[in-house]
Structure formats: C-alpha cells, structure tokens
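Reproduced below: model.pdb, with PDB, C-alpha atoms and all ligand atoms.
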ATOM      1  CA  MET A 853     100.624  97.476  89.896  1.00  0.00           C
ATOM      2  CA  ASP A 854      99.883 100.856  88.331  1.00  0.00           C
ATOM      3  CA  VAL A 855      97.686 103.166  90.332  1.00  0.00           C
ATOM      4  CA  GLU A 856      96.429 106.591  89.333  1.00  0.00           C
ATOM      5  CA  PHE A 857      94.071 109.237  90.592  1.00  0.00           C
ATOM      6  CA  LEU A 858      91.231 109.327  88.101  1.00  0.00           C
ATOM      7  CA  LYS A 859      88.912 112.117  89.215  1.00  0.00           C
ATOM      8  CA  SER A 860      86.871 113.766  91.940  1.00  0.00           C
ATOM      9  CA  ALA A 861      83.108 113.884  91.697  1.00  0.00           C
ATOM     10  CA  PHE A 862      80.345 115.540  93.698  1.00  0.00           C
ATOM     11  CA  GLU A 863      77.481 114.194  91.638  1.00  0.00           C
ATOM     12  CA  LYS A 864      76.402 111.198  89.651  1.00  0.00           C
ATOM     13  CA  GLY A 865      76.919 112.760  86.245  1.00  0.00           C
ATOM     14  CA  HIS A 866      80.614 113.123  87.028  1.00  0.00           C
ATOM     15  CA  TYR A 867      81.380 109.542  88.102  1.00  0.00           C
ATOM     16  CA  PRO A 868      83.715 107.676  85.739  1.00  0.00           C
ATOM     17  CA  PRO A 869      81.991 105.053  83.569  1.00  0.00           C
ATOM     18  CA  PRO A 870      81.179 101.955  85.682  1.00  0.00           C
ATOM     19  CA  GLU A 871      83.595  99.765  83.764  1.00  0.00           C
ATOM     20  CA  ARG A 872      85.543  98.167  86.596  1.00  0.00           C
ATOM     21  CA  PRO A 873      84.522  96.513  89.845  1.00  0.00           C
ATOM     22  CA  GLU A 874      84.714  99.158  92.548  1.00  0.00           C
ATOM     23  CA  ILE A 875      85.588  99.113  96.253  1.00  0.00           C
ATOM     24  CA  ALA A 876      84.772 102.150  98.419  1.00  0.00           C
ATOM     25  CA  PHE A 877      86.331 103.257 101.713  1.00  0.00           C
ATOM     26  CA  ALA A 878      84.015 104.716 104.340  1.00  0.00           C
ATOM     27  CA  GLY A 879      84.180 105.713 107.985  1.00  0.00           C
ATOM     28  CA  LYS A 880      84.201 108.570 110.419  1.00  0.00           C
ATOM     29  CA  SER A 881      86.084 111.698 109.495  1.00  0.00           C
ATOM     30  CA  ASN A 882      89.835 111.412 110.233  1.00  0.00           C
ATOM     31  CA  VAL A 883      89.658 107.668 110.963  1.00  0.00           C
ATOM     32  CA  GLY A 884      92.304 106.888 108.345  1.00  0.00           C
ATOM     33  CA  LYS A 885      90.467 106.028 105.111  1.00  0.00           C
ATOM     34  CA  SER A 886      92.913 107.799 102.807  1.00  0.00           C
ATOM     35  CA  SER A 887      95.914 106.418 104.736  1.00  0.00           C
ATOM     36  CA  LEU A 888      94.562 102.888 104.358  1.00  0.00           C
ATOM     37  CA  ILE A 889      94.259 103.299 100.590  1.00  0.00           C
ATOM     38  CA  ASN A 890      97.847 104.540 100.405  1.00  0.00           C
ATOM     39  CA  VAL A 891      99.116 101.504 102.338  1.00  0.00           C
ATOM     40  CA  LEU A 892      97.157  99.075 100.159  1.00  0.00           C
ATOM     41  CA  VAL A 893      98.752 100.448  96.999  1.00  0.00           C
ATOM     42  CA  ASN A 894     102.186 101.210  98.481  1.00  0.00           C
ATOM     43  CA  LYS A 895     102.001 104.892  97.562  1.00  0.00           C
ATOM     44  CA  ASN A 896     102.493 107.479 100.270  1.00  0.00           C
ATOM     45  CA  LYS A 897     100.610 110.279  98.632  1.00  0.00           C
ATOM     46  CA  LEU A 898      98.054 108.793  96.285  1.00  0.00           C
ATOM     47  CA  ALA A 899      95.060 109.695  98.466  1.00  0.00           C
ATOM     48  CA  ARG A 900      95.449 112.963 100.343  1.00  0.00           C
ATOM     49  CA  THR A 901      95.651 112.613 104.111  1.00  0.00           C
ATOM     50  CA  SER A 902      95.622 115.187 106.882  1.00  0.00           C
ATOM     51  CA  SER A 903      95.507 115.500 110.629  1.00  0.00           C
ATOM     52  CA  THR A 904      92.635 117.976 110.127  1.00  0.00           C
ATOM     53  CA  PRO A 905      89.320 116.131 109.884  1.00  0.00           C
ATOM     54  CA  GLY A 906      87.343 116.677 106.705  1.00  0.00           C
ATOM     55  CA  ARG A 907      90.259 116.466 104.292  1.00  0.00           C
ATOM     56  CA  THR A 908      88.411 114.362 101.729  1.00  0.00           C
ATOM     57  CA  GLN A 909      85.315 116.244 100.612  1.00  0.00           C
ATOM     58  CA  ALA A 910      84.440 114.780  97.247  1.00  0.00           C
ATOM     59  CA  LEU A 911      84.205 111.204  96.026  1.00  0.00           C
ATOM     60  CA  ASN A 912      87.730 110.466  94.778  1.00  0.00           C
ATOM     61  CA  PHE A 913      88.132 107.728  92.181  1.00  0.00           C
ATOM     62  CA  PHE A 914      91.399 105.835  91.645  1.00  0.00           C
ATOM     63  CA  ASN A 915      92.268 103.261  89.007  1.00  0.00           C
ATOM     64  CA  ILE A 916      94.064 100.318  90.600  1.00  0.00           C
ATOM     65  CA  GLY A 917      95.848  98.019  88.159  1.00  0.00           C
ATOM     66  CA  THR A 918      93.828  97.145  85.093  1.00  0.00           C
ATOM     67  CA  ASN A 919      90.551  95.910  86.527  1.00  0.00           C
ATOM     68  CA  LEU A 920      89.760  97.624  89.837  1.00  0.00           C
ATOM     69  CA  CYS A 921      88.673 101.019  91.062  1.00  0.00           C
ATOM     70  CA  PHE A 922      88.943 102.439  94.601  1.00  0.00           C
ATOM     71  CA  VAL A 923      86.748 105.262  95.849  1.00  0.00           C
ATOM     72  CA  ASP A 924      87.825 107.385  98.797  1.00  0.00           C
ATOM     73  CA  LEU A 925      84.637 108.712 100.406  1.00  0.00           C
ATOM     74  CA  PRO A 926      84.421 111.796 102.603  1.00  0.00           C
ATOM     75  CA  GLY A 927      84.123 110.932 106.291  1.00  0.00           C
ATOM     76  CA  TYR A 928      80.982 111.250 108.379  1.00  0.00           C
ATOM     77  CA  GLY A 929      80.433 112.676 111.821  1.00  0.00           C
ATOM     78  CA  PHE A 930      82.723 115.666 111.549  1.00  0.00           C
ATOM     79  CA  ALA A 931      81.246 117.975 114.193  1.00  0.00           C
ATOM     80  CA  LYS A 932      82.544 121.225 112.721  1.00  0.00           C
ATOM     81  CA  VAL A 933      80.779 120.837 109.397  1.00  0.00           C
ATOM     82  CA  PRO A 934      77.636 123.014 109.218  1.00  0.00           C
ATOM     83  CA  LEU A 935      74.326 121.153 109.107  1.00  0.00           C
ATOM     84  CA  SER A 936      73.627 122.206 105.528  1.00  0.00           C
ATOM     85  CA  ILE A 937      76.899 120.623 104.387  1.00  0.00           C
ATOM     86  CA  LYS A 938      76.188 117.508 106.443  1.00  0.00           C
ATOM     87  CA  ALA A 939      72.914 117.141 104.561  1.00  0.00           C
ATOM     88  CA  THR A 940      74.682 117.546 101.215  1.00  0.00           C
ATOM     89  CA  TRP A 941      77.359 115.093 102.295  1.00  0.00           C
ATOM     90  CA  GLY A 942      74.769 112.506 103.266  1.00  0.00           C
ATOM     91  CA  LYS A 943      72.960 112.878  99.990  1.00  0.00           C
ATOM     92  CA  MET A 944      76.164 112.725  97.975  1.00  0.00           C
ATOM     93  CA  VAL A 945      77.423 109.541  99.643  1.00  0.00           C
ATOM     94  CA  GLU A 946      73.990 107.930  99.792  1.00  0.00           C
ATOM     95  CA  THR A 947      73.374 108.575  96.095  1.00  0.00           C
ATOM     96  CA  TYR A 948      76.722 107.000  95.302  1.00  0.00           C
ATOM     97  CA  LEU A 949      76.219 103.924  97.494  1.00  0.00           C
ATOM     98  CA  LYS A 950      72.691 103.394  96.247  1.00  0.00           C
ATOM     99  CA  SER A 951      73.185 103.897  92.551  1.00  0.00           C
ATOM    100  CA  ARG A 952      76.668 102.671  91.768  1.00  0.00           C
ATOM    101  CA  GLU A 953      76.040  99.364  90.023  1.00  0.00           C
ATOM    102  CA  ASN A 954      79.722  98.318  89.890  1.00  0.00           C
ATOM    103  CA  LEU A 955      80.248  98.905  93.647  1.00  0.00           C
ATOM    104  CA  LYS A 956      81.113  95.460  95.046  1.00  0.00           C
ATOM    105  CA  ALA A 957      82.034  96.177  98.642  1.00  0.00           C
ATOM    106  CA  VAL A 958      82.668  98.919 101.142  1.00  0.00           C
ATOM    107  CA  ILE A 959      85.596  98.842 103.530  1.00  0.00           C
ATOM    108  CA  VAL A 960      84.096 100.255 106.721  1.00  0.00           C
ATOM    109  CA  ILE A 961      86.912 101.680 108.824  1.00  0.00           C
ATOM    110  CA  MET A 962      86.604 102.217 112.563  1.00  0.00           C
ATOM    111  CA  ASP A 963      89.149 103.421 115.140  1.00  0.00           C
ATOM    112  CA  ILE A 964      89.990 100.573 117.509  1.00  0.00           C
ATOM    113  CA  ARG A 965      90.141 103.080 120.408  1.00  0.00           C
ATOM    114  CA  ARG A 966      86.602 104.401 119.878  1.00  0.00           C
ATOM    115  CA  ASP A 967      83.223 102.820 120.363  1.00  0.00           C
ATOM    116  CA  ILE A 968      81.151 101.951 117.318  1.00  0.00           C
ATOM    117  CA  SER A 969      79.047 105.010 116.451  1.00  0.00           C
ATOM    118  CA  VAL A 970      75.443 105.275 115.357  1.00  0.00           C
ATOM    119  CA  ASP A 971      76.768 106.401 111.962  1.00  0.00           C
ATOM    120  CA  ASP A 972      78.850 103.196 111.655  1.00  0.00           C
ATOM    121  CA  ILE A 973      75.850 101.062 112.560  1.00  0.00           C
ATOM    122  CA  ASN A 974      73.538 102.888 110.161  1.00  0.00           C
ATOM    123  CA  LEU A 975      76.046 102.534 107.338  1.00  0.00           C
ATOM    124  CA  ILE A 976      76.555  98.794 107.906  1.00  0.00           C
ATOM    125  CA  ASN A 977      72.804  98.094 108.174  1.00  0.00           C
ATOM    126  CA  TRP A 978      72.202 100.072 105.079  1.00  0.00           C
ATOM    127  CA  LEU A 979      74.928  98.259 103.089  1.00  0.00           C
ATOM    128  CA  ASN A 980      73.448  94.945 104.189  1.00  0.00           C
ATOM    129  CA  GLU A 981      70.055  96.057 103.001  1.00  0.00           C
ATOM    130  CA  TYR A 982      71.444  96.982  99.591  1.00  0.00           C
ATOM    131  CA  LYS A 983      73.411  93.711  99.401  1.00  0.00           C
ATOM    132  CA  LYS A 984      76.802  95.383  99.197  1.00  0.00           C
ATOM    133  CA  GLY A 985      79.733  93.515 100.724  1.00  0.00           C
ATOM    134  CA  VAL A 986      81.119  94.906 103.992  1.00  0.00           C
ATOM    135  CA  ILE A 987      84.781  94.563 104.969  1.00  0.00           C
ATOM    136  CA  PRO A 988      85.073  95.891 108.541  1.00  0.00           C
ATOM    137  CA  VAL A 989      88.475  97.211 109.593  1.00  0.00           C
ATOM    138  CA  LEU A 990      89.648  98.351 113.039  1.00  0.00           C
ATOM    139  CA  THR A 991      92.460 100.799 112.432  1.00  0.00           C
ATOM    140  CA  LYS A 992      95.202 102.619 114.383  1.00  0.00           C
ATOM    141  CA  VAL A 993      96.036  99.465 116.349  1.00  0.00           C
ATOM    142  CA  ASP A 994      99.624 100.752 116.660  1.00  0.00           C
ATOM    143  CA  LYS A 995      98.336 103.244 119.215  1.00  0.00           C
ATOM    144  CA  LEU A 996      97.532 100.521 121.763  1.00  0.00           C
ATOM    145  CA  ASN A 997      99.655  98.093 123.714  1.00  0.00           C
ATOM    146  CA  ARG A 998      98.941  94.390 123.465  1.00  0.00           C
ATOM    147  CA  LYS A 999      96.655  94.234 126.459  1.00  0.00           C
ATOM    148  CA  GLU A1000      94.559  97.292 125.492  1.00  0.00           C
ATOM    149  CA  ARG A1001      94.344  96.017 121.978  1.00  0.00           C
ATOM    150  CA  ASP A1002      92.983  92.627 123.051  1.00  0.00           C
ATOM    151  CA  THR A1003      90.415  94.271 125.293  1.00  0.00           C
ATOM    152  CA  ARG A1004      89.251  96.714 122.622  1.00  0.00           C
ATOM    153  CA  THR A1005      89.093  93.958 119.991  1.00  0.00           C
ATOM    154  CA  ARG A1006      86.862  91.901 122.249  1.00  0.00           C
ATOM    155  CA  ILE A1007      84.553  94.843 122.976  1.00  0.00           C
ATOM    156  CA  LEU A1008      84.227  95.919 119.348  1.00  0.00           C
ATOM    157  CA  GLN A1009      83.806  92.381 118.017  1.00  0.00           C
ATOM    158  CA  GLY A1010      81.015  91.994 120.537  1.00  0.00           C
ATOM    159  CA  ALA A1011      79.382  95.216 119.365  1.00  0.00           C
ATOM    160  CA  LEU A1012      79.571  94.099 115.721  1.00  0.00           C
ATOM    161  CA  GLU A1013      78.573  90.515 116.380  1.00  0.00           C
ATOM    162  CA  ASN A1014      74.905  90.730 115.509  1.00  0.00           C
ATOM    163  CA  MET A1015      75.373  92.799 112.406  1.00  0.00           C
ATOM    164  CA  ASN A1016      75.724  89.952 109.960  1.00  0.00           C
ATOM    165  CA  ILE A1017      79.214  90.891 108.721  1.00  0.00           C
ATOM    166  CA  ASP A1018      82.635  89.225 108.687  1.00  0.00           C
ATOM    167  CA  LYS A1019      85.051  89.563 111.580  1.00  0.00           C
ATOM    168  CA  PRO A1020      86.883  92.910 111.562  1.00  0.00           C
ATOM    169  CA  ILE A1021      90.476  93.030 110.335  1.00  0.00           C
ATOM    170  CA  LEU A1022      92.981  94.728 112.643  1.00  0.00           C
ATOM    171  CA  PHE A1023      95.018  97.305 110.750  1.00  0.00           C
ATOM    172  CA  SER A1024      97.681  99.955 111.156  1.00  0.00           C
ATOM    173  CA  ALA A1025      98.765 102.393 108.482  1.00  0.00           C
ATOM    174  CA  GLN A1026     101.947 102.881 110.457  1.00  0.00           C
ATOM    175  CA  THR A1027     103.106  99.251 110.740  1.00  0.00           C
ATOM    176  CA  ARG A1028     101.082  98.057 107.698  1.00  0.00           C
ATOM    177  CA  GLU A1029      99.736  95.189 109.755  1.00  0.00           C
ATOM    178  CA  GLY A1030      96.520  93.824 108.228  1.00  0.00           C
ATOM    179  CA  LYS A1031      97.308  94.941 104.697  1.00  0.00           C
ATOM    180  CA  ASP A1032      97.553  91.422 103.218  1.00  0.00           C
ATOM    181  CA  GLU A1033      94.381  90.331 104.976  1.00  0.00           C
ATOM    182  CA  ILE A1034      92.438  93.275 103.506  1.00  0.00           C
ATOM    183  CA  TRP A1035      93.748  92.445 100.015  1.00  0.00           C
ATOM    184  CA  LYS A1036      92.708  88.821 100.510  1.00  0.00           C
ATOM    185  CA  ARG A1037      89.140  89.866 101.327  1.00  0.00           C
ATOM    186  CA  ILE A1038      89.030  92.250  98.354  1.00  0.00           C
ATOM    187  CA  GLU A1039      90.303  89.514  96.045  1.00  0.00           C
ATOM    188  CA  GLY A1040      87.752  87.067  97.452  1.00  0.00           C
ATOM    189  CA  ILE A1041      84.964  89.484  96.595  1.00  0.00           C
ATOM    190  CA  LEU A1042      86.336  90.115  93.106  1.00  0.00           C
ATOM    191  CA  THR A1043      86.656  86.384  92.401  1.00  0.00           C
ATOM    192  CA  ALA A1044      83.121  85.692  93.599  1.00  0.00           C
ATOM    193  CA  ASN A1045      81.972  88.542  91.379  1.00  0.00           C
ATOM    194  CA  GLU A1046      83.672  87.096  88.291  1.00  0.00           C
ATOM    195  CA  ARG A1047      81.907  83.777  88.818  1.00  0.00           C
ATOM    196  CA  GLU A1048      78.476  85.414  88.895  1.00  0.00           C
TER     197      GLU A1048
HETATM  198  N1  LIG A1101      99.080 106.098 114.319  1.00  0.00           N
HETATM  199  C1  LIG A1101      98.289 105.989 113.252  1.00  0.00           C
HETATM  200  N2  LIG A1101      97.839 107.097 112.646  1.00  0.00           N
HETATM  201  C2  LIG A1101      97.033 106.959 111.563  1.00  0.00           C
HETATM  202  C3  LIG A1101      96.656 105.675 111.066  1.00  0.00           C
HETATM  203  N3  LIG A1101      95.842 105.859 110.007  1.00  0.00           N
HETATM  204  C4  LIG A1101      95.730 107.194 109.829  1.00  0.00           C
HETATM  205  N4  LIG A1101      96.451 107.870 110.762  1.00  0.00           N
HETATM  206  C5  LIG A1101      96.542 109.341 110.920  1.00  0.00           C
HETATM  207  O1  LIG A1101      95.226 109.869 111.095  1.00  0.00           O
HETATM  208  C6  LIG A1101      95.070 111.114 110.429  1.00  0.00           C
HETATM  209  C7  LIG A1101      93.903 111.039 109.449  1.00  0.00           C
HETATM  210  O2  LIG A1101      94.222 110.152 108.404  1.00  0.00           O
HETATM  211  P1  LIG A1101      93.469 110.213 106.982  1.00  0.00           P
HETATM  212  O3  LIG A1101      93.910 109.038 106.226  1.00  0.00           O
HETATM  213  O4  LIG A1101      93.632 111.563 106.369  1.00  0.00           O
HETATM  214  O5  LIG A1101      91.956 110.034 107.464  1.00  0.00           O
HETATM  215  P2  LIG A1101      90.609 110.107 106.606  1.00  0.00           P
HETATM  216  O6  LIG A1101      89.692 109.127 107.196  1.00  0.00           O
HETATM  217  O7  LIG A1101      90.913 109.975 105.152  1.00  0.00           O
HETATM  218  O8  LIG A1101      90.143 111.595 106.952  1.00  0.00           O
HETATM  219  P3  LIG A1101      89.058 112.513 106.178  1.00  0.00           P
HETATM  220  O9  LIG A1101      89.347 112.437 104.719  1.00  0.00           O
HETATM  221  O10 LIG A1101      89.330 113.863 106.756  1.00  0.00           O
HETATM  222  O11 LIG A1101      87.725 111.988 106.549  1.00  0.00           O
HETATM  223  C8  LIG A1101      96.408 111.408 109.769  1.00  0.00           C
HETATM  224  O12 LIG A1101      97.146 112.243 110.630  1.00  0.00           O
HETATM  225  C9  LIG A1101      97.052 110.029 109.651  1.00  0.00           C
HETATM  226  O13 LIG A1101      98.447 110.069 109.645  1.00  0.00           O
HETATM  227  C10 LIG A1101      97.161 104.512 111.749  1.00  0.00           C
HETATM  228  O14 LIG A1101      96.878 103.346 111.426  1.00  0.00           O
HETATM  229  N5  LIG A1101      97.978 104.732 112.838  1.00  0.00           N
HETATM  230 MG    MG A1102      90.473 111.205 103.603  1.00  0.00          MG
END
Take the structure I supplied and represent it as structure tokens, if you would.
Amino acid sequence: MDVEFLKSAFEKGHYPPPERPEIAFAGKSNVGKSSLINVLVNKNKLARTSSTPGRTQALNFFNIGTNLCFVDLPGYGFAKVPLSIKATWGKMVETYLKSRENLKAVIVIMDIRRDISVDDINLINWLNEYKKGVIPVLTKVDKLNRKERDTRTRILQGALENMNIDKPILFSAQTREGKDEIWKRIEGILTANERE
C-alpha cells in the first residue's frame, strides 16, 4: 500500500479536495495519534511524533492507498498552549470536523493509564451529534502489566459505556497490538459507506 504525506492545512480553503473517504485521528496532546498512524501504515516516520506535547499543530493530510485519506489532528488539552492558541485550535478542529463532508469516522485515542477527560467526552458527544463514526482506542497498553491493564480496561469501558459508541480497542504502538482490529473497524466503515 502506497502512503504519502499530502499537505498541512490550517484553514478550510487549504484542505485537499474531498475526493476520498477520510478518517481522522483525535485525542489529547501526546497521547500517540501520530504514532498510531505510523503503525497502521507500517511507516516509522510518516506522521511526525515527539515526546514533547504539541508536535502536530496543523491538520495533516495523508493519502493511504488509492481510496483513503488519513488526517492527523493536533491534540487537545495541552496545558502550555496560551489561551488564544487554544481558541484557534478549537476553531480549526471544529471547523474541520463540522464541514468535512468526506469525513467518515474519527479514531478517538485515549491513554489507558488516564481517566477519560472532559475534552474526550465533549468530542465523542459532538461526533455523535454530527453522525460521524467513532472508533475509540485505548493506547499505550504496553506500559501496564496484565493485572493493571484489566483493571484500567474495566474502569474506562465503564466510563464510556453510556456514550453510544463501540467498545474501545486496546492498542500499543510499541507491540503493534490492536492494529488489525483498528483496520477491521476502518474497513467496516468504508464498506458501509460504499453501500450507501
Ligand atoms: N510506550 C508507548 N509509547 C507510545 C505509544 N504511542 C505513542 N507513544 C509515545 O508517546 C509520545 C507521543 O507520541 P505522538 O504519536 O507524537 O503523540 P501525538 O498524540 O501525535 O502528540 P501531539 O501531536 O503532540 O498531540 C512519543 O514519545 C511516542 O513514542 C505506545 O503505544 N506505547
Ligand atoms: Mg501528533
């Protein structure tokens, strides 16, 4: 599968033409959005990653194969970003999520070690309202032992239970666990979309 970085955009006028079904990746700053994209496409350095939160600042568009586009979104909840930039960020991401007609689903990525944040909940509710598919992912599972992982999964599944979304997929960018399952969900959404 060929993958290529297409472009970065800060505003609507700069998005690529909405020719392909699109899947976006959202979540708290530094949660591992860019790393997850790289694992899905088997390319270490397609999406830029960093241990410093706030690495991804624009909307980054990638062509995946011949009929799919991925969008790496900047993360939310990065405390060090000034309020004025937070406002711009919110507007930029909200405009994208609201207006992008070819956006089929958003992979909402959460750290298995952290509690679900208000930002996560707002995003999921909002995606539901706009009838966009939600694929919830709990990432960095390699950082926990089996027992901790089971406990955290139970707690987070409980917290997400009433949100009207599918069960979260457990993922690790380090071990690549969960990769096939995420692809399966993406393909399910694309197939349903073709039948429409
Ligand atoms: N152990 C472990 N580390 C991870 C995993 N996923 C991401 N990381 C690390 O977490 C840090 C942030 O990863 P990124 O992929 O850059 O995160 P991001 O969500 O794109 O960050 P921003 O673009 O800054 O919002 C990097 O140091 C990654 O190596 C994972 O599954 N396991
Ligand atoms: Mg990133």
Polymer residues at most 10 Å from Ile889 (chain A), all atoms listed in the file, same-chain spacing of 3 or more positions, as a tab-separated table (two decimals) with C-alpha atoms, keeping the file's coordinate frame:
chain	number	residue	atom	x	y	z
A	876	ALA	CA	84.77	102.15	98.42
A	877	PHE	CA	86.33	103.26	101.71
A	884	GLY	CA	92.30	106.89	108.34
A	885	LYS	CA	90.47	106.03	105.11
A	886	SER	CA	92.91	107.80	102.81
A	892	LEU	CA	97.16	99.08	100.16
A	893	VAL	CA	98.75	100.45	97.00
A	894	ASN	CA	102.19	101.21	98.48
A	895	LYS	CA	102.00	104.89	97.56
A	896	ASN	CA	102.49	107.48	100.27
A	897	LYS	CA	100.61	110.28	98.63
A	898	LEU	CA	98.05	108.79	96.28
A	899	ALA	CA	95.06	109.70	98.47
A	900	ARG	CA	95.45	112.96	100.34
A	914	PHE	CA	91.40	105.84	91.64
A	922	PHE	CA	88.94	102.44	94.60
A	923	VAL	CA	86.75	105.26	95.85
A	924	ASP	CA	87.82	107.38	98.80
A	1025	ALA	CA	98.76	102.39	108.48
A	1031	LYS	CA	97.31	94.94	104.70
Checklist entry - In terms of the shortest atom-to-atom distance over all atoms listed in the file, which of A:Val989, A:Leu955, A:Ile875, A:Ile961 is closest to ligand MG 1102 (chain A)? => result A:Ile961
Next on the checklist: Just the number, please: distance in Å from CA of Asn915 (chain A) to CA of Lys992 (chain A), one decimal.
Outcome noted: 25.6 Å
Next on the checklist: I need the output of the PyMOL selection byres (((not hetatm)) within 9 of (chain A and resi 1102)) for this file as a PyMOL selection string; which residues are they?
Outcome noted: chain A and resi 881-887+899-902+905-909+924-927
Checklist entry - Hey, which of A:Lys859, A:Lys995, A:Lys1019, A:Arg952 ends up closest to Glu1033 (chain A)? Count only C-alpha atoms. => result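 Closest to Glu1033 (chain A) of all the choices is A:Lys1019.
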Item to check | Between CA of Leu1022 (chain A) and CA of Gln1009 (chain A), distance in Å (one decimal) | outcome: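 So the two atoms, CA of Leu1022 (chain A) and CA of Gln1009 (chain A), lie 10.9 Å apart.
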Checklist entry - What separation in Å, quoted to one decimal, exists between CA of Tyr982 (chain A) and CA of Ile1041 (chain A)? => result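 CA of Tyr982 (chain A) sits 15.7 Å away from CA of Ile1041 (chain A).
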Item to check | Residues in the PyMOL selection byres (((chain A and resi 862-871) around 12) and not hetatm), expressed as an MDAnalysis selection string | outcome: chainID A and resid 857:861 872:875 908:915 918:923 925:926 940:956
Adding 6 Å on each side of the box along x, y and z that holds all listed atoms of ligand LIG 1101 (chain A), could you give its centre and edge lengths in Å to one decimal, as JSON?
{"center_x": 93.4, "center_y": 108.6, "center_z": 109.5, "size_x": 23.4, "size_y": 22.5, "size_z": 21.6}
Next on the checklist: Using only C-alpha atoms and all ligand atoms, can you tell me which of A:Ile976, A:Leu1008, A:Leu996, A:Val970 comes closest to ligand LIG 1101 (chain A)?
Outcome noted: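 Looking at the shortest contact to ligand LIG 1101 (chain A), the residue is A:Leu996.
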Checklist entry - Which residue out of A:Arg1028, A:Lys880, A:Arg965, A:Arg1037 has the minimum interatomic distance to Ile1007 (chain A) when only C-alpha atoms are used? => result A:Arg965
Starting from the incomplete input, reconstruct N, CA and C atoms of region 862-877 of chain A and report them as a tab-separated table (two decimals), in the frame of the given file.
chain	number	residue	atom	x	y	z
A	862	PHE	N	81.32	115.19	92.68
A	862	PHE	CA	80.34	115.54	93.70
A	862	PHE	C	78.97	115.01	93.32
A	863	GLU	N	78.80	114.68	92.06
A	863	GLU	CA	77.48	114.19	91.64
A	863	GLU	C	77.60	113.08	90.62
A	864	LYS	N	76.48	112.39	90.47
A	864	LYS	CA	76.40	111.20	89.65
A	864	LYS	C	76.91	111.38	88.22
A	865	GLY	N	76.54	112.50	87.63
A	865	GLY	CA	76.92	112.76	86.24
A	865	GLY	C	78.43	112.83	86.05
A	866	HIS	N	79.15	112.99	87.14
A	866	HIS	CA	80.61	113.12	87.03
A	866	HIS	C	81.38	111.86	87.42
A	867	TYR	N	80.67	110.79	87.79
A	867	TYR	CA	81.38	109.54	88.10
A	867	TYR	C	82.04	109.02	86.82
A	868	PRO	N	83.17	108.32	86.95
A	868	PRO	CA	83.72	107.68	85.74
A	868	PRO	C	82.77	106.55	85.29
A	869	PRO	N	82.85	106.13	84.04
A	869	PRO	CA	81.99	105.05	83.57
A	869	PRO	C	82.19	103.82	84.46
A	870	PRO	N	81.10	103.08	84.74
A	870	PRO	CA	81.18	101.96	85.68
A	870	PRO	C	81.78	100.71	85.06
A	871	GLU	N	83.01	100.85	84.55
A	871	GLU	CA	83.60	99.76	83.76
A	871	GLU	C	84.31	98.71	84.59
A	872	ARG	N	84.75	99.09	85.78
A	872	ARG	CA	85.54	98.17	86.60
A	872	ARG	C	84.81	97.89	87.90
A	873	PRO	N	85.05	96.71	88.50
A	873	PRO	CA	84.52	96.51	89.84
A	873	PRO	C	85.12	97.57	90.78
A	874	GLU	N	84.29	98.04	91.71
A	874	GLU	CA	84.71	99.16	92.55
A	874	GLU	C	84.62	98.80	94.03
A	875	ILE	N	85.57	99.28	94.79
A	875	ILE	CA	85.59	99.11	96.25
A	875	ILE	C	85.66	100.51	96.86
A	876	ALA	N	84.76	100.83	97.80
A	876	ALA	CA	84.77	102.15	98.42
A	876	ALA	C	85.26	102.06	99.86
A	877	PHE	N	85.78	103.19	100.36
A	877	PHE	CA	86.33	103.26	101.71
A	877	PHE	C	85.54	104.28	102.50
